[in-house]
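For reference, the structure is listed below as structure tokens.
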Amino acid sequence: MRLFRDYLAQKTMLVLAFVPGFIVLLMCLGLFLKSEPILAHKPFFSLLFSSVWSPLKGEFGLFPFIMGTLWVTFVSLIIAVPVSLLSAIYLAEYAPRFIREFTKPIVDLLAGLPSVIYGVWGVLLIVPFVGRVLAPLFGVQSGGYTILAGGVVLAIMIFPTIISVCLEVFSSIPYEMRETSLSLGATKWETIRHVVLKKGLQGIIAAVVLGLSRALGETMAVLMVVGNVARVPKSVFDPGYPLPALIANNYGEMMSVPLYDSALMLAAGALLLVVLVFNVFARFILIRVERRAE
Amino acid sequence: MTLPLTRRRAIHRKIEEGVFKGLMGASMFIVVGCLVLIVGTIIWKGLPALSLSMITQTPKGGYYLGKEGGILNAIMGSLYLASGATLLALMFSLPVVLFINLYTKKNSRLAEWTRFSFDVLWGIPSIVYGAFGFIIMIFLGLRTSLLAGIVTVALLEFPIMSRAMDEVIRLVPGSLLDASYSLGATRLETALKVVVRQCLPGILTAVLIAFGRGIGDAASVLFTAGFTDRLPTSLFQPAATLPLAIFFQLGTPFPEVQERAYASAAVLTVMILLISLLARGLIKKSTKHIIK
């Protein structure tokens, strides 16, 4: 009887173990089935590269939104990559134990704060800062709800992802390699530059890609500070309208206009596909890095 | 006066190291400073606007124009939603994690593949979960409701909880398992009576992390849970959530209502802080009462 129960549990769990993979497949399938109607109506590439967005006339050009997403993500990466990479190096190589113990909860908390909180904070602090301080500094008129504001908020949100993945990568580099370099007379920094960074390069790329895909999909915080104007942005002081914000903003009216829901599901599907590709790529690299360390 | 080459190079190396150390210090300061700045701003702006009636009353007529009422509907809605979702996620994630750690051989294909798909799921943005939840909802013929929200958020929490749990259960020493097997216990008995007990604090931490995620996520419930000014009384009614309440209140043009958005944000932040403190306390505790 006990053995039978064990056997039964094993089979149930085996089935459950397939659930996560199954969910991924189901998501792709569901979103693409739902975006079928609009794909039947218009070819895929004309949807991607048309800038005309007027759902009432049946025009669903996603180009301004795609550009909005790319701009915001790009700005956030420019800020986040150096800051989080340097922090990760410091934490892994220089920091004494108590600082490491002290920063871990901080990074975890930064990752755990809800995106709405980031959004409120952005509205309270970053938007006025960009509008009243940065924009006049560069001689531009701006209300503050800009690509730049979105990029700054987003950068802070992806710090934890990049930092924690980088830390894992650095810790997988064997200590003997560092000692060899140090014993040859290299300074600590030279060791980091020539040994740790070189050896960890692949892992760092994976960390950045993971941060990038986080940034691509982030919705609420960006939506609240980025301005939401459906035009292709020309500078960081222009408002933008990223894809996730488009999906979130129009959920109310999408059922009342023909093909609208289908267009939004296509946007969600495209987002899923891009993020999926990035994630799979990054994880493959990380698995390889981990194997090498063993 | 020129110094000899080796000397110059030595100085150069020192300076380079110094510059980068400075930059690292600055980066650390930015990261830590951001958290302090965010929490500080929210609390500082939110506390003055917070009152007892805000957290004990549901919105009265004209609340979003600046009249009487509170956000109890959103607080309760979020708690119901996150609890339901966490429970549902736990029902799936505990068996899966136990399975890949106890029933499969170490580093088997299946276990690796499952971990990989958790990682991939973890990376999917919450708005996509929202859209997917919406499709399921339409497919099942449901309307925006607490139930649809729970299912969507459970999907979102599933990989987060499983990854956190896997990290703890992975560390269970093999000798402990061998001891249990050698006493004649089956794998199921070992899993439930030895491993779960050994890892209980870690499992609870994973549950709390997922709960915190569930309470704070807005993009996924936007499509599925709806919004209402009343307290939800059944699974099939729409439910308000705290993040959405913040979002809607901030979107109104009235300063009084925006003040309330700051206050609601402070409530949410304090909740998240409490949850993470609790989780941290549990991690500390996990070193006690456990066979090492």
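Residues are referred to by chain and number: the chain letter is A, B, ... according to the order shown in the structure tokens, the number counts from 1 in that chain, and ligands are numbered separately from 1 in the order shown.
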**Message:** Could you list, as JSON, numbers by chain, every residue within 9 Å of segment 243-252 of chain B, counting only C-alpha atoms and ignoring same-chain residues fewer than 2 positions away?
**Reply:** {"A": [114, 115, 116, 117, 119, 120, 220, 224], "B": [64, 65, 71, 74, 78, 215, 216, 217, 218, 219, 221, 222, 227, 240, 241, 254, 255, 257, 258, 259, 260, 261, 262, 263, 264, 265, 268]}
Would you put the residues from that selection into a file with C-alpha atoms, as a PDB file, in the first residue's frame?
```
ATOM      1  CA  PRO A 114       6.259  46.546  -7.012  1.00  0.00           C
ATOM      2  CA  SER A 115       6.542  48.377 -10.296  1.00  0.00           C
ATOM      3  CA  VAL A 116       3.696  50.704  -9.360  1.00  0.00           C
ATOM      4  CA  ILE A 117       5.840  52.002  -6.512  1.00  0.00           C
ATOM      5  CA  GLY A 119       6.066  54.499 -11.108  1.00  0.00           C
ATOM      6  CA  VAL A 120       4.807  56.702  -8.267  1.00  0.00           C
ATOM      7  CA  MET A 220       3.358  49.919 -15.169  1.00  0.00           C
ATOM      8  CA  MET A 224       3.355  56.109 -15.678  1.00  0.00           C
TER       9      MET A 224
ATOM     10  CA  TYR B  64     -12.380  59.674  -6.946  1.00  0.00           C
ATOM     11  CA  LEU B  65     -13.447  63.330  -6.988  1.00  0.00           C
ATOM     12  CA  ILE B  71      -9.083  52.005   0.016  1.00  0.00           C
ATOM     13  CA  ALA B  74      -8.223  47.474  -2.662  1.00  0.00           C
ATOM     14  CA  SER B  78      -5.135  42.407  -2.974  1.00  0.00           C
ATOM     15  CA  ILE B 215       0.444  41.592  -4.025  1.00  0.00           C
ATOM     16  CA  GLY B 216       2.512  44.101  -5.939  1.00  0.00           C
ATOM     17  CA  ASP B 217       1.852  43.113  -9.503  1.00  0.00           C
ATOM     18  CA  ALA B 218      -0.467  45.326 -11.476  1.00  0.00           C
ATOM     19  CA  ALA B 219      -0.026  44.559 -15.147  1.00  0.00           C
ATOM     20  CA  VAL B 221      -4.480  41.805 -12.921  1.00  0.00           C
ATOM     21  CA  LEU B 222      -5.352  44.777 -15.099  1.00  0.00           C
ATOM     22  CA  PHE B 227     -11.939  46.835 -10.371  1.00  0.00           C
ATOM     23  CA  ALA B 240     -10.015  45.805  -6.622  1.00  0.00           C
ATOM     24  CA  THR B 241      -6.263  45.594  -6.115  1.00  0.00           C
ATOM     25  CA  PHE B 254      -7.489  66.228  -8.512  1.00  0.00           C
ATOM     26  CA  PRO B 255      -4.600  66.913  -6.115  1.00  0.00           C
ATOM     27  CA  VAL B 257      -6.978  62.184  -4.860  1.00  0.00           C
ATOM     28  CA  GLN B 258      -3.358  62.135  -5.964  1.00  0.00           C
ATOM     29  CA  GLU B 259      -2.354  62.639  -2.334  1.00  0.00           C
ATOM     30  CA  ARG B 260      -4.332  59.509  -1.586  1.00  0.00           C
ATOM     31  CA  ALA B 261      -2.418  57.664  -4.280  1.00  0.00           C
ATOM     32  CA  TYR B 262       0.786  58.539  -2.407  1.00  0.00           C
ATOM     33  CA  ALA B 263      -0.781  57.309   0.819  1.00  0.00           C
ATOM     34  CA  SER B 264      -1.856  54.054  -0.850  1.00  0.00           C
ATOM     35  CA  ALA B 265       1.652  53.673  -2.234  1.00  0.00           C
ATOM     36  CA  LEU B 268       1.789  48.994  -0.259  1.00  0.00           C
TER      37      LEU B 268
END
```
Shell of 9 Å around Trp189 of chain A, only C-alpha atoms, local chain residues under 4 positions omitted, as an mmCIF file with C-alpha atoms, in the first residue's frame:
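The file below, part36.cif, is the result:
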```cif
data_model
loop_
_atom_site.group_PDB
_atom_site.id
_atom_site.type_symbol
_atom_site.label_atom_id
_atom_site.label_comp_id
_atom_site.auth_asym_id
_atom_site.auth_seq_id
_atom_site.Cartn_x
_atom_site.Cartn_y
_atom_site.Cartn_z
ATOM 1 C CA ARG A 193 40.342 43.340 -15.837
ATOM 2 C CA HIS A 194 42.430 40.627 -17.414
ATOM 3 C CA ARG B 13 48.715 51.435 -12.451
ATOM 4 C CA GLU B 16 43.947 53.369 -12.714
ATOM 5 C CA GLU B 17 43.131 51.149 -9.768
ATOM 6 C CA GLY B 18 42.182 54.194 -7.705
ATOM 7 C CA PHE B 20 38.037 52.344 -10.827
ATOM 8 C CA LYS B 21 37.732 51.855 -7.097
#
```
Restrict the calculation to only C-alpha atoms, then for each residue of chain B with any atom at most 7 Å from an atom of chain A give the closest atom pair and their distance in Å to one decimal, rows by chain and rising residue number, as a Markdown table.
```
| residue | atom | partner | partner_atom | distance |
| --- | --- | --- | --- | --- |
| B:Glu17 | CA | A:Trp189 | CA | 5.5 |
| B:Met24 | CA | A:Leu86 | CA | 5.0 |
| B:Ser27 | CA | A:Val83 | CA | 5.0 |
| B:Met28 | CA | A:Ser87 | CA | 5.2 |
| B:Val32 | CA | A:Ile106 | CA | 6.9 |
| B:Leu35 | CA | A:Leu110 | CA | 6.3 |
| B:Ile38 | CA | A:Trp121 | CA | 6.2 |
| B:Thr41 | CA | A:Trp121 | CA | 7.0 |
| B:Ile42 | CA | A:Trp121 | CA | 6.6 |
| B:Phe92 | CA | A:Leu16 | CA | 7.0 |
| B:Pro95 | CA | A:Met13 | CA | 5.8 |
| B:Val96 | CA | A:Ala17 | CA | 5.1 |
| B:Phe99 | CA | A:Met13 | CA | 5.9 |
| B:Thr114 | CA | A:Ala17 | CA | 6.6 |
| B:Ser117 | CA | A:Gly21 | CA | 5.5 |
| B:Phe118 | CA | A:Pro20 | CA | 6.3 |
| B:Val120 | CA | A:Asn279 | CA | 5.9 |
| B:Leu121 | CA | A:Val24 | CA | 6.9 |
| B:Gly123 | CA | A:Asn279 | CA | 6.6 |
| B:Ile124 | CA | A:Val275 | CA | 6.6 |
| B:Pro125 | CA | A:Gly217 | CA | 4.8 |
| B:Ile127 | CA | A:Pro244 | CA | 6.6 |
| B:Val128 | CA | A:Ala268 | CA | 5.7 |
| B:Ala131 | CA | A:Ala268 | CA | 6.9 |
| B:Phe132 | CA | A:Met27 | CA | 6.1 |
| B:Ile135 | CA | A:Gly30 | CA | 7.0 |
| B:Thr186 | CA | A:Asp6 | CA | 6.5 |
| B:Arg187 | CA | A:Asp6 | CA | 6.6 |
| B:Leu188 | CA | A:Asp6 | CA | 5.3 |
| B:Arg213 | CA | A:Gly112 | CA | 6.7 |
| B:Gly216 | CA | A:Pro114 | CA | 4.6 |
| B:Asp217 | CA | A:Pro114 | CA | 6.1 |
| B:Ala219 | CA | A:Met220 | CA | 6.3 |
| B:Phe223 | CA | A:Tyr251 | CA | 6.5 |
| B:Pro243 | CA | A:Val116 | CA | 6.0 |
| B:Ala265 | CA | A:Ile117 | CA | 6.2 |
| B:Ile272 | CA | A:Leu113 | CA | 6.9 |
```
If we count only C-alpha atoms and set the cut-off at 10 Å, which residues sit around Thr191 of chain A, ignoring sequence neighbours fewer than 3 positions away in its own chain? Please answer as a compact mmCIF listing (two decimals) with C-alpha atoms, in the first residue's frame.
```
# COMPACT_ATOMS: atom_id res chain seq x y z
CA MET A 177 43.12 31.84 -11.49
CA ARG A 178 43.05 35.08 -9.56
CA GLU A 179 45.89 33.94 -7.33
CA THR A 180 48.02 33.09 -10.34
CA SER A 181 47.56 36.57 -11.74
CA LEU A 182 48.22 38.23 -8.39
CA LEU A 184 52.69 37.40 -11.19
CA GLY A 185 52.65 40.89 -9.78
CA ALA A 186 49.39 42.18 -11.22
CA THR A 187 47.46 44.62 -9.09
CA LYS A 188 44.00 43.68 -7.93
CA HIS A 194 42.43 40.63 -17.41
CA VAL A 195 41.22 37.54 -15.59
CA VAL A 196 37.81 38.02 -14.01
CA LEU A 197 36.22 40.16 -16.72
CA LYS A 198 37.75 38.19 -19.55
```
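Distance-wise, atom CA of Leu231 of chain B and atom CA of Gly141 of chain B end up 23.0 Å apart.
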**Request:** Quick one: pull the distance between atom CA of Pro242 of chain A and atom CA of Val127 of chain A, Å, one decimal.
**Result:** 17.0 Å
